[in-house]
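This is upload.pdb. It holds PDB, C-alpha atoms, pLDDT in the B column.
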```
ATOM      1  CA  MET B 383       0.000   0.000   0.000  1.00 35.00           C
ATOM      2  CA  SER B 384       1.374   3.372  -0.976  1.00 36.00           C
ATOM      3  CA  ASN B 385       1.643   6.434   1.245  1.00 39.00           C
ATOM      4  CA  ASN B 386      -0.949   8.130  -0.896  1.00 38.00           C
ATOM      5  CA  ASP B 387      -3.372   5.244  -0.368  1.00 40.00           C
ATOM      6  CA  LEU B 388      -2.917   5.562   3.370  1.00 39.00           C
ATOM      7  CA  GLY B 389      -3.610   9.280   3.307  1.00 40.00           C
ATOM      8  CA  GLN B 390      -6.716   8.864   1.153  1.00 41.00           C
ATOM      9  CA  SER B 391      -8.039   6.021   3.306  1.00 44.00           C
ATOM     10  CA  TRP B 392      -7.800   8.156   6.430  1.00 45.00           C
ATOM     11  CA  THR B 393      -9.908  10.917   4.890  1.00 44.00           C
ATOM     12  CA  THR B 394     -12.462   8.691   3.129  1.00 37.00           C
ATOM     13  CA  ARG B 395     -13.148   5.811   5.508  1.00 43.00           C
ATOM     14  CA  PRO B 396     -15.708   6.285   8.293  1.00 40.00           C
ATOM     15  CA  ALA B 397     -13.978   7.254  11.509  1.00 47.00           C
ATOM     16  CA  ARG B 398     -13.742   4.527  14.114  1.00 50.00           C
ATOM     17  CA  ALA B 399     -14.410   5.513  17.696  1.00 50.00           C
ATOM     18  CA  GLY B 400     -14.254   3.985  21.123  1.00 58.00           C
ATOM     19  CA  VAL B 401     -12.079   4.146  24.195  1.00 60.00           C
ATOM     20  CA  GLU B 402     -10.183   0.984  23.279  1.00 61.00           C
ATOM     21  CA  PHE B 403      -9.420   2.184  19.765  1.00 63.00           C
ATOM     22  CA  ASP B 404      -8.316   5.626  20.968  1.00 73.00           C
ATOM     23  CA  ALA B 405      -5.991   4.012  23.505  1.00 78.00           C
ATOM     24  CA  GLY B 406      -4.575   1.803  20.774  1.00 80.00           C
ATOM     25  CA  LEU B 407      -3.932   4.805  18.540  1.00 85.00           C
ATOM     26  CA  ARG B 408      -2.167   6.652  21.340  1.00 87.00           C
ATOM     27  CA  SER B 409      -0.040   3.585  22.039  1.00 87.00           C
ATOM     28  CA  HIS B 410       0.801   3.313  18.331  1.00 89.00           C
ATOM     29  CA  MET B 411       1.923   6.933  18.105  1.00 92.00           C
ATOM     30  CA  LEU B 412       3.827   6.821  21.398  1.00 92.00           C
ATOM     31  CA  GLY B 413       5.663   3.742  20.139  1.00 91.00           C
ATOM     32  CA  ILE B 414       6.707   5.668  17.054  1.00 94.00           C
ATOM     33  CA  TYR B 415       7.997   8.614  19.063  1.00 95.00           C
ATOM     34  CA  ARG B 416       9.690   6.277  21.541  1.00 95.00           C
ATOM     35  CA  ASN B 417      11.656   4.496  18.815  1.00 95.00           C
ATOM     36  CA  MET B 418      12.478   7.821  17.223  1.00 96.00           C
ATOM     37  CA  GLY B 419      13.630   9.190  20.595  1.00 96.00           C
ATOM     38  CA  VAL B 420      15.880   6.188  21.239  1.00 96.00           C
ATOM     39  CA  ALA B 421      17.391   6.628  17.779  1.00 97.00           C
ATOM     40  CA  LEU B 422      18.080  10.314  18.487  1.00 97.00           C
ATOM     41  CA  VAL B 423      19.735   9.466  21.813  1.00 97.00           C
ATOM     42  CA  ILE B 424      21.952   6.872  20.104  1.00 97.00           C
ATOM     43  CA  SER B 425      22.958   9.364  17.400  1.00 97.00           C
ATOM     44  CA  GLY B 426      23.630  12.104  19.939  1.00 96.00           C
ATOM     45  CA  LEU B 427      25.806   9.920  22.157  1.00 97.00           C
ATOM     46  CA  VAL B 428      27.825   8.560  19.249  1.00 97.00           C
ATOM     47  CA  ALA B 429      28.253  12.032  17.743  1.00 96.00           C
ATOM     48  CA  TRP B 430      29.320  13.550  21.064  1.00 95.00           C
ATOM     49  CA  ALA B 431      31.724  10.692  21.863  1.00 96.00           C
ATOM     50  CA  ILE B 432      33.493  10.987  18.519  1.00 96.00           C
ATOM     51  CA  GLY B 433      33.311  14.774  18.190  1.00 93.00           C
ATOM     52  CA  SER B 434      34.773  15.364  21.663  1.00 92.00           C
ATOM     53  CA  THR B 435      37.550  12.774  21.299  1.00 94.00           C
ATOM     54  CA  PRO B 436      40.350  13.877  18.940  1.00 92.00           C
ATOM     55  CA  ALA B 437      41.751  10.330  18.854  1.00 93.00           C
ATOM     56  CA  LEU B 438      38.474   9.198  17.260  1.00 92.00           C
ATOM     57  CA  ALA B 439      37.580  12.279  15.205  1.00 93.00           C
ATOM     58  CA  GLY B 440      41.016  12.687  13.617  1.00 92.00           C
ATOM     59  CA  PRO B 441      41.202   9.310  11.855  1.00 93.00           C
ATOM     60  CA  ILE B 442      37.683   9.784  10.500  1.00 93.00           C
ATOM     61  CA  PHE B 443      37.393  13.430   9.506  1.00 92.00           C
ATOM     62  CA  GLY B 444      41.092  14.053   8.907  1.00 90.00           C
ATOM     63  CA  THR B 445      41.365  11.305   6.316  1.00 91.00           C
ATOM     64  CA  PRO B 446      39.424  10.087   3.255  1.00 90.00           C
ATOM     65  CA  LEU B 447      37.264   8.135   5.713  1.00 90.00           C
ATOM     66  CA  LYS B 448      35.232  11.331   6.043  1.00 90.00           C
ATOM     67  CA  TRP B 449      33.589  10.474   2.714  1.00 89.00           C
ATOM     68  CA  VAL B 450      32.463   7.162   4.158  1.00 91.00           C
ATOM     69  CA  ALA B 451      30.998   9.019   7.150  1.00 90.00           C
ATOM     70  CA  ILE B 452      29.197  11.423   4.794  1.00 88.00           C
ATOM     71  CA  PHE B 453      27.747   8.900   2.346  1.00 89.00           C
ATOM     72  CA  ALA B 454      27.203   5.827   4.537  1.00 91.00           C
ATOM     73  CA  PRO B 455      23.899   7.097   6.028  1.00 90.00           C
ATOM     74  CA  LEU B 456      22.551   7.783   2.532  1.00 87.00           C
ATOM     75  CA  ALA B 457      23.526   4.288   1.394  1.00 91.00           C
ATOM     76  CA  PHE B 458      21.943   2.769   4.507  1.00 91.00           C
ATOM     77  CA  THR B 459      18.730   4.701   3.819  1.00 90.00           C
ATOM     78  CA  PHE B 460      18.431   3.032   0.415  1.00 89.00           C
ATOM     79  CA  PHE B 461      19.242  -0.361   1.938  1.00 90.00           C
ATOM     80  CA  PHE B 462      16.608   0.068   4.671  1.00 90.00           C
ATOM     81  CA  SER B 463      14.027   1.207   2.131  1.00 88.00           C
ATOM     82  CA  PHE B 464      14.554  -1.768  -0.185  1.00 90.00           C
ATOM     83  CA  ARG B 465      14.867  -4.424   2.542  1.00 90.00           C
ATOM     84  CA  PHE B 466      12.171  -3.179   4.912  1.00 91.00           C
ATOM     85  CA  GLU B 467       9.337  -5.359   3.612  1.00 88.00           C
ATOM     86  CA  LYS B 468      11.426  -8.510   4.137  1.00 90.00           C
ATOM     87  CA  MET B 469      12.427  -7.598   7.694  1.00 92.00           C
ATOM     88  CA  THR B 470      10.695  -8.721  10.851  1.00 91.00           C
ATOM     89  CA  THR B 471       9.532  -6.014  13.245  1.00 91.00           C
ATOM     90  CA  ALA B 472      12.450  -6.775  15.576  1.00 92.00           C
ATOM     91  CA  GLY B 473      14.858  -6.713  12.643  1.00 93.00           C
ATOM     92  CA  ALA B 474      13.504  -3.358  11.515  1.00 93.00           C
ATOM     93  CA  VAL B 475      13.984  -1.892  15.005  1.00 94.00           C
ATOM     94  CA  THR B 476      17.563  -3.195  15.095  1.00 94.00           C
ATOM     95  CA  ALA B 477      18.193  -1.693  11.665  1.00 94.00           C
ATOM     96  CA  LEU B 478      16.781   1.649  12.832  1.00 95.00           C
ATOM     97  CA  TRP B 479      19.084   1.812  15.832  1.00 94.00           C
ATOM     98  CA  SER B 480      22.070   0.647  13.762  1.00 95.00           C
ATOM     99  CA  PHE B 481      21.333   3.420  11.303  1.00 95.00           C
ATOM    100  CA  ALA B 482      21.114   5.900  14.186  1.00 96.00           C
ATOM    101  CA  ALA B 483      24.603   4.889  15.334  1.00 96.00           C
ATOM    102  CA  LEU B 484      25.921   5.287  11.795  1.00 95.00           C
ATOM    103  CA  MET B 485      24.270   8.695  11.509  1.00 96.00           C
ATOM    104  CA  GLY B 486      25.898   9.618  14.803  1.00 96.00           C
ATOM    105  CA  VAL B 487      29.315   9.120  13.214  1.00 95.00           C
ATOM    106  CA  SER B 488      28.354  11.522  10.441  1.00 94.00           C
ATOM    107  CA  LEU B 489      26.855  14.039  12.881  1.00 95.00           C
ATOM    108  CA  ALA B 490      30.070  14.085  14.914  1.00 95.00           C
ATOM    109  CA  SER B 491      31.379  16.666  12.479  1.00 93.00           C
ATOM    110  CA  VAL B 492      29.017  19.307  13.902  1.00 94.00           C
ATOM    111  CA  PHE B 493      30.914  19.143  17.216  1.00 93.00           C
ATOM    112  CA  LEU B 494      34.108  19.920  15.314  1.00 92.00           C
ATOM    113  CA  VAL B 495      32.629  22.951  13.554  1.00 92.00           C
ATOM    114  CA  PHE B 496      30.061  24.535  15.895  1.00 94.00           C
ATOM    115  CA  THR B 497      30.095  25.518  19.557  1.00 93.00           C
ATOM    116  CA  GLY B 498      28.288  23.316  22.040  1.00 91.00           C
ATOM    117  CA  ALA B 499      25.976  26.159  23.056  1.00 93.00           C
ATOM    118  CA  SER B 500      24.826  26.793  19.500  1.00 93.00           C
ATOM    119  CA  ILE B 501      24.315  23.070  18.904  1.00 94.00           C
ATOM    120  CA  ALA B 502      22.145  22.849  22.033  1.00 94.00           C
ATOM    121  CA  SER B 503      20.093  25.936  21.192  1.00 95.00           C
ATOM    122  CA  THR B 504      19.561  24.820  17.601  1.00 95.00           C
ATOM    123  CA  PHE B 505      18.484  21.397  18.820  1.00 95.00           C
ATOM    124  CA  MET B 506      15.840  23.034  21.024  1.00 95.00           C
ATOM    125  CA  VAL B 507      14.579  25.170  18.134  1.00 95.00           C
ATOM    126  CA  ALA B 508      14.430  22.126  15.849  1.00 96.00           C
ATOM    127  CA  ALA B 509      12.612  20.144  18.556  1.00 96.00           C
ATOM    128  CA  ALA B 510      10.021  22.904  19.011  1.00 96.00           C
ATOM    129  CA  MET B 511       9.427  23.165  15.264  1.00 96.00           C
ATOM    130  CA  PHE B 512       9.196  19.395  14.919  1.00 97.00           C
ATOM    131  CA  LEU B 513       6.725  18.992  17.774  1.00 96.00           C
ATOM    132  CA  ALA B 514       4.495  21.818  16.554  1.00 96.00           C
ATOM    133  CA  THR B 515       4.461  20.511  12.983  1.00 96.00           C
ATOM    134  CA  SER B 516       3.949  16.899  14.026  1.00 96.00           C
ATOM    135  CA  LEU B 517       1.039  17.955  16.242  1.00 95.00           C
ATOM    136  CA  TYR B 518      -0.480  19.764  13.281  1.00 96.00           C
ATOM    137  CA  GLY B 519      -0.129  16.652  11.125  1.00 95.00           C
ATOM    138  CA  TYR B 520      -1.808  14.558  13.813  1.00 94.00           C
ATOM    139  CA  THR B 521      -4.746  16.880  14.472  1.00 93.00           C
ATOM    140  CA  THR B 522      -5.508  18.485  11.107  1.00 91.00           C
ATOM    141  CA  GLY B 523      -8.503  17.326   9.115  1.00 89.00           C
ATOM    142  CA  ALA B 524      -6.875  18.392   5.842  1.00 91.00           C
ATOM    143  CA  ASP B 525      -5.644  15.632   3.549  1.00 90.00           C
ATOM    144  CA  LEU B 526      -1.884  16.156   3.299  1.00 91.00           C
ATOM    145  CA  SER B 527      -1.314  13.152   1.031  1.00 87.00           C
ATOM    146  CA  ARG B 528      -1.656  15.342  -2.059  1.00 87.00           C
ATOM    147  CA  PHE B 529       1.582  17.074  -1.095  1.00 88.00           C
ATOM    148  CA  GLY B 530       3.499  13.804  -0.809  1.00 85.00           C
ATOM    149  CA  SER B 531       4.893  13.621  -4.341  1.00 85.00           C
ATOM    150  CA  PHE B 532       5.937  17.271  -4.246  1.00 89.00           C
ATOM    151  CA  LEU B 533       7.766  16.824  -0.936  1.00 91.00           C
ATOM    152  CA  VAL B 534       9.536  13.651  -2.062  1.00 89.00           C
ATOM    153  CA  MET B 535      10.689  15.392  -5.232  1.00 92.00           C
ATOM    154  CA  GLY B 536      11.914  18.233  -3.032  1.00 92.00           C
ATOM    155  CA  VAL B 537      14.041  15.800  -1.014  1.00 92.00           C
ATOM    156  CA  ILE B 538      15.531  14.334  -4.183  1.00 92.00           C
ATOM    157  CA  GLY B 539      16.360  17.823  -5.414  1.00 92.00           C
ATOM    158  CA  LEU B 540      17.997  18.691  -2.089  1.00 92.00           C
ATOM    159  CA  VAL B 541      20.134  15.535  -2.172  1.00 90.00           C
ATOM    160  CA  VAL B 542      21.310  16.268  -5.711  1.00 92.00           C
ATOM    161  CA  ALA B 543      22.023  19.925  -4.911  1.00 92.00           C
ATOM    162  CA  GLY B 544      23.868  18.912  -1.742  1.00 90.00           C
ATOM    163  CA  LEU B 545      26.076  16.467  -3.627  1.00 87.00           C
ATOM    164  CA  VAL B 546      26.873  19.092  -6.242  1.00 90.00           C
ATOM    165  CA  ASN B 547      27.744  21.632  -3.569  1.00 87.00           C
ATOM    166  CA  LEU B 548      30.210  19.231  -1.956  1.00 83.00           C
ATOM    167  CA  PHE B 549      32.421  20.059  -4.915  1.00 86.00           C
ATOM    168  CA  LEU B 550      31.327  23.644  -5.663  1.00 86.00           C
ATOM    169  CA  GLN B 551      31.461  24.800  -2.020  1.00 85.00           C
ATOM    170  CA  SER B 552      29.108  27.672  -2.856  1.00 88.00           C
ATOM    171  CA  SER B 553      27.864  29.551   0.215  1.00 87.00           C
ATOM    172  CA  ALA B 554      24.947  30.999  -1.784  1.00 89.00           C
ATOM    173  CA  LEU B 555      23.849  27.542  -2.930  1.00 89.00           C
ATOM    174  CA  GLN B 556      24.214  26.195   0.609  1.00 88.00           C
ATOM    175  CA  LEU B 557      22.005  29.005   1.926  1.00 89.00           C
ATOM    176  CA  ALA B 558      19.363  28.197  -0.674  1.00 91.00           C
ATOM    177  CA  ILE B 559      19.548  24.479   0.139  1.00 91.00           C
ATOM    178  CA  SER B 560      19.151  25.199   3.841  1.00 91.00           C
ATOM    179  CA  ALA B 561      16.167  27.530   3.370  1.00 92.00           C
ATOM    180  CA  ILE B 562      14.324  25.209   1.008  1.00 93.00           C
ATOM    181  CA  GLY B 563      15.280  22.188   3.092  1.00 93.00           C
ATOM    182  CA  VAL B 564      13.735  23.617   6.256  1.00 94.00           C
ATOM    183  CA  LEU B 565      10.443  24.084   4.405  1.00 94.00           C
ATOM    184  CA  VAL B 566      10.566  20.616   2.841  1.00 95.00           C
ATOM    185  CA  PHE B 567      11.356  18.715   6.036  1.00 96.00           C
ATOM    186  CA  THR B 568       8.851  20.731   8.029  1.00 95.00           C
ATOM    187  CA  GLY B 569       6.211  19.706   5.496  1.00 95.00           C
ATOM    188  CA  LEU B 570       7.393  16.101   5.563  1.00 95.00           C
ATOM    189  CA  THR B 571       7.052  16.007   9.344  1.00 96.00           C
ATOM    190  CA  ALA B 572       3.351  16.882   9.131  1.00 96.00           C
ATOM    191  CA  TRP B 573       2.840  14.520   6.190  1.00 95.00           C
ATOM    192  CA  ASP B 574       4.622  11.578   7.826  1.00 95.00           C
ATOM    193  CA  THR B 575       2.734  12.108  11.090  1.00 95.00           C
ATOM    194  CA  GLN B 576      -0.591  12.009   9.291  1.00 94.00           C
ATOM    195  CA  ARG B 577       0.551   8.916   7.392  1.00 91.00           C
ATOM    196  CA  ALA B 578       1.557   7.235  10.662  1.00 91.00           C
ATOM    197  CA  LYS B 579      -1.921   7.894  12.056  1.00 89.00           C
ATOM    198  CA  ALA B 580      -3.478   6.559   8.847  1.00 86.00           C
ATOM    199  CA  GLU B 581      -1.521   3.328   9.201  1.00 82.00           C
ATOM    200  CA  TYR B 582      -3.244   2.586  12.488  1.00 83.00           C
ATOM    201  CA  LEU B 583      -6.647   3.660  11.206  1.00 79.00           C
ATOM    202  CA  ASN B 584      -6.258   1.176   8.353  1.00 77.00           C
ATOM    203  CA  TRP B 585      -4.437  -1.701  10.006  1.00 69.00           C
ATOM    204  CA  GLY B 586      -5.505  -1.465  13.640  1.00 66.00           C
ATOM    205  CA  GLY B 587      -3.178  -2.905  16.252  1.00 64.00           C
ATOM    206  CA  GLY B 588      -1.965  -5.872  14.211  1.00 69.00           C
ATOM    207  CA  ALA B 589       1.542  -6.940  13.304  1.00 72.00           C
ATOM    208  CA  ALA B 590       1.448  -4.891  10.095  1.00 75.00           C
ATOM    209  CA  ALA B 591       0.841  -1.681  12.046  1.00 76.00           C
ATOM    210  CA  GLU B 592       3.657  -2.525  14.488  1.00 83.00           C
ATOM    211  CA  LYS B 593       6.123  -2.944  11.653  1.00 87.00           C
ATOM    212  CA  LEU B 594       4.919   0.151   9.811  1.00 87.00           C
ATOM    213  CA  ALA B 595       5.366   2.088  13.062  1.00 89.00           C
ATOM    214  CA  VAL B 596       9.109   1.404  12.814  1.00 93.00           C
ATOM    215  CA  TRP B 597       9.138   2.876   9.327  1.00 93.00           C
ATOM    216  CA  SER B 598       7.294   5.939  10.593  1.00 94.00           C
ATOM    217  CA  ALA B 599       9.845   6.320  13.394  1.00 96.00           C
ATOM    218  CA  PHE B 600      12.611   6.096  10.790  1.00 96.00           C
ATOM    219  CA  SER B 601      10.937   8.715   8.575  1.00 95.00           C
ATOM    220  CA  LEU B 602      10.318  11.143  11.436  1.00 97.00           C
ATOM    221  CA  TYR B 603      13.854  10.606  12.734  1.00 97.00           C
ATOM    222  CA  LEU B 604      15.271  11.561   9.331  1.00 96.00           C
ATOM    223  CA  ASN B 605      13.022  14.619   9.178  1.00 96.00           C
ATOM    224  CA  PHE B 606      14.215  15.819  12.576  1.00 97.00           C
ATOM    225  CA  VAL B 607      17.924  15.200  11.905  1.00 96.00           C
ATOM    226  CA  ASN B 608      17.778  16.982   8.570  1.00 95.00           C
ATOM    227  CA  LEU B 609      15.802  19.873  10.058  1.00 95.00           C
ATOM    228  CA  PHE B 610      18.387  20.199  12.832  1.00 96.00           C
ATOM    229  CA  GLN B 611      21.332  20.186  10.421  1.00 94.00           C
ATOM    230  CA  LEU B 612      19.723  22.717   8.095  1.00 94.00           C
ATOM    231  CA  LEU B 613      18.812  25.081  10.933  1.00 94.00           C
ATOM    232  CA  LEU B 614      22.374  24.808  12.190  1.00 93.00           C
ATOM    233  CA  GLN B 615      23.519  26.449   8.952  1.00 88.00           C
ATOM    234  CA  PHE B 616      21.532  29.545   9.998  1.00 87.00           C
ATOM    235  CA  THR B 617      21.911  29.637  13.766  1.00 86.00           C
ATOM    236  CA  GLY B 618      25.132  27.729  14.433  1.00 84.00           C
ATOM    237  CA  VAL B 619      28.135  29.622  15.832  1.00 88.00           C
ATOM    238  CA  GLN B 620      31.399  28.227  14.568  1.00 90.00           C
ATOM    239  CA  ARG B 621      34.225  27.361  16.917  1.00 88.00           C
ATOM    240  CA  ASP B 622      37.265  29.641  17.008  1.00 82.00           C
ATOM    241  CA  ASP B 623      39.815  26.865  17.385  1.00 68.00           C
TER
END
```
Would you write out, as structure tokens, the structure that this file holds?
Amino acid sequence: MSNNDLGQSWTTRPARAGVEFDAGLRSHMLGIYRNMGVALVISGLVAWAIGSTPALAGPIFGTPLKWVAIFAPLAFTFFFSFRFEKMTTAGAVTALWSFAALMGVSLASVFLVFTGASIASTFMVAAAMFLATSLYGYTTGADLSRFGSFLVMGVIGLVVAGLVNLFLQSSALQLAISAIGVLVFTGLTAWDTQRAKAEYLNWGGGAAAEKLAVWSAFSLYLNFVNLFQLLLQFTGVQRDD
């Protein structure tokens, strides 16, 4: 079932009610945010451990290994996307947390470039934006599925532009990427939240919904991490040393 199908089903099927169903929906969404939160903690700890330890950061970011750190999360994203349907729920959770650790290696570079205070403040801003947008996606009655294709194309465009700018090193292009990226990933947060809710409305509390909840946690995790990194381009204060 496609994301668009899920979005349409949520807006066209008769709403189901009842205390038991509402409790199940809350449990479904809390499970998504819990897995996402664990993934963020894993990434943060790995990033901090590497970024604050020169003996670890030097061999990675001071050598060609930095390209592995940059591109490995992107490669893992494709792997997770293609293998997800064949994974068990437990396998998908393990893959999510493994990906979070790998992303933490890549994120370690922010501790080498920006001050700790600016990283913390930007994280709080990103968290506030994410929570507000996710709440909107959960509560709105508008069908956001029609924006899905546009947002996905926006992500593809951002990836291509980002790869090009690795070689051009254009500050103007980076500013444009950051501005557009904030809008795209803010929109994706609302869209993915509504999709996550639609999954439960369509599948109930069965095994399919449990597994799809891991995918939703993965999607929302990516949205938050990208939003944080893009905001850091605007608000981050670079280290003097």
Applying the PyMOL selection byres ((chain B and resi 401-415) around 9) to the file I just gave you, which residues come out? Please list them as a PyMOL selection string.
chain B and resi 398-400+416-420+575+578-579+582-583+586-587+591-592+595-600+602-603
Atom-to-atom span, CA of Ala510 in chain B and CA of Ser553 in chain B, Å:
26.8 Å
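The coordinates place CA of Ala561 in chain B at 27.2 Å from CA of Ile424 in chain B.
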Just say which residues the PyMOL selection byres ((chain B and resi 485) around 12) picks in this file, as a PyMOL selection string.
chain B and resi 421-430+432+450-459+478-484+486-492+600+603-604+607-608+611
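Residue nearest Val566 in chain B within the list B:Asn584, B:Gln615, B:Thr497, B:Asn605: B:Asn605 [criterion: smallest interatomic distance, only C-alpha atoms].
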Report as a list in words the full result of the PyMOL selection byres ((chain B and resi 504) around 8) when it is applied to this structure.
Ser500, Ile501, Ala502, Ser503, Phe505, Met506, Val507, Ala508, Phe610, Leu613, Leu614, Thr617 and Gly618 of chain B
Using the file's own x, y and z axes, so that the box edges lie along x, y and z, what centre and edge lengths in Å (one decimal) does a box around every listed atom of range 541-560 of chain B get when 6 Å is added on each side? Give it as lines of an AutoDock Vina configuration file.
```
center_x = 25.8
center_y = 23.3
center_z = -1.2
size_x = 25.3
size_y = 27.5
size_z = 22.1
```
Using all atoms listed in the file, can you tell me which of B:Ile442, B:Ala572, B:Leu594, B:Leu612 comes closest to Leu494 in chain B?
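With all atoms listed in the file as the atom set, the closest residue is B:Ile442.
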Let me make sure I understand: among B:Gly523, B:Leu609, B:Ser516, B:Trp573, which one has the smallest atom-to-atom distance to Ile559 in chain B if we use all atoms listed in the file?
B:Leu609
Taking the partial coordinates given, rebuild range 421-440 of chain B to contain N, CA and C atoms; return it as a PDB file, in the coordinates of the input.
```
ATOM      1  N   ALA B 421      16.467   6.434  18.897  1.00 97.00           N
ATOM      2  CA  ALA B 421      17.391   6.628  17.779  1.00 97.00           C
ATOM      3  C   ALA B 421      18.137   7.955  17.908  1.00 97.00           C
ATOM      4  N   LEU B 422      17.437   9.010  18.313  1.00 97.00           N
ATOM      5  CA  LEU B 422      18.080  10.314  18.487  1.00 97.00           C
ATOM      6  C   LEU B 422      19.115  10.278  19.612  1.00 97.00           C
ATOM      7  N   VAL B 423      18.787   9.583  20.701  1.00 97.00           N
ATOM      8  CA  VAL B 423      19.735   9.466  21.813  1.00 97.00           C
ATOM      9  C   VAL B 423      20.993   8.718  21.356  1.00 97.00           C
ATOM     10  N   ILE B 424      20.805   7.630  20.615  1.00 97.00           N
ATOM     11  CA  ILE B 424      21.952   6.872  20.104  1.00 97.00           C
ATOM     12  C   ILE B 424      22.820   7.759  19.219  1.00 97.00           C
ATOM     13  N   SER B 425      22.203   8.485  18.298  1.00 97.00           N
ATOM     14  CA  SER B 425      22.958   9.364  17.400  1.00 97.00           C
ATOM     15  C   SER B 425      23.699  10.439  18.181  1.00 97.00           C
ATOM     16  N   GLY B 426      23.010  11.041  19.157  1.00 96.00           N
ATOM     17  CA  GLY B 426      23.630  12.104  19.939  1.00 96.00           C
ATOM     18  C   GLY B 426      24.825  11.618  20.739  1.00 96.00           C
ATOM     19  N   LEU B 427      24.703  10.457  21.357  1.00 97.00           N
ATOM     20  CA  LEU B 427      25.806   9.920  22.157  1.00 97.00           C
ATOM     21  C   LEU B 427      27.004   9.560  21.295  1.00 97.00           C
ATOM     22  N   VAL B 428      26.730   8.927  20.153  1.00 97.00           N
ATOM     23  CA  VAL B 428      27.825   8.560  19.249  1.00 97.00           C
ATOM     24  C   VAL B 428      28.506   9.811  18.699  1.00 97.00           C
ATOM     25  N   ALA B 429      27.697  10.794  18.290  1.00 96.00           N
ATOM     26  CA  ALA B 429      28.253  12.032  17.743  1.00 96.00           C
ATOM     27  C   ALA B 429      29.092  12.764  18.775  1.00 96.00           C
ATOM     28  N   TRP B 430      28.587  12.860  20.000  1.00 95.00           N
ATOM     29  CA  TRP B 430      29.320  13.550  21.064  1.00 95.00           C
ATOM     30  C   TRP B 430      30.614  12.807  21.407  1.00 95.00           C
ATOM     31  N   ALA B 431      30.549  11.481  21.502  1.00 96.00           N
ATOM     32  CA  ALA B 431      31.724  10.692  21.863  1.00 96.00           C
ATOM     33  C   ALA B 431      32.841  10.864  20.842  1.00 96.00           C
ATOM     34  N   ILE B 432      32.481  10.847  19.570  1.00 96.00           N
ATOM     35  CA  ILE B 432      33.493  10.987  18.519  1.00 96.00           C
ATOM     36  C   ILE B 432      33.944  12.434  18.393  1.00 96.00           C
ATOM     37  N   GLY B 433      32.979  13.366  18.381  1.00 93.00           N
ATOM     38  CA  GLY B 433      33.311  14.774  18.190  1.00 93.00           C
ATOM     39  C   GLY B 433      34.138  15.364  19.312  1.00 93.00           C
ATOM     40  N   SER B 434      34.017  14.829  20.523  1.00 92.00           N
ATOM     41  CA  SER B 434      34.773  15.364  21.663  1.00 92.00           C
ATOM     42  C   SER B 434      36.050  14.573  21.952  1.00 92.00           C
ATOM     43  N   THR B 435      36.352  13.600  21.105  1.00 94.00           N
ATOM     44  CA  THR B 435      37.550  12.774  21.299  1.00 94.00           C
ATOM     45  C   THR B 435      38.440  12.874  20.066  1.00 94.00           C
ATOM     46  N   PRO B 436      39.483  13.702  20.112  1.00 92.00           N
ATOM     47  CA  PRO B 436      40.350  13.877  18.940  1.00 92.00           C
ATOM     48  C   PRO B 436      40.924  12.568  18.399  1.00 92.00           C
ATOM     49  N   ALA B 437      41.184  11.611  19.295  1.00 93.00           N
ATOM     50  CA  ALA B 437      41.751  10.330  18.854  1.00 93.00           C
ATOM     51  C   ALA B 437      40.776   9.552  17.972  1.00 93.00           C
ATOM     52  N   LEU B 438      39.477   9.841  18.108  1.00 92.00           N
ATOM     53  CA  LEU B 438      38.474   9.198  17.260  1.00 92.00           C
ATOM     54  C   LEU B 438      38.121  10.063  16.053  1.00 92.00           C
ATOM     55  N   ALA B 439      37.977  11.378  16.286  1.00 93.00           N
ATOM     56  CA  ALA B 439      37.580  12.279  15.205  1.00 93.00           C
ATOM     57  C   ALA B 439      38.657  12.425  14.146  1.00 93.00           C
ATOM     58  N   GLY B 440      39.922  12.483  14.563  1.00 92.00           N
ATOM     59  CA  GLY B 440      41.016  12.687  13.617  1.00 92.00           C
ATOM     60  C   GLY B 440      41.092  11.633  12.533  1.00 92.00           C
TER      61      GLY B 440
END
```
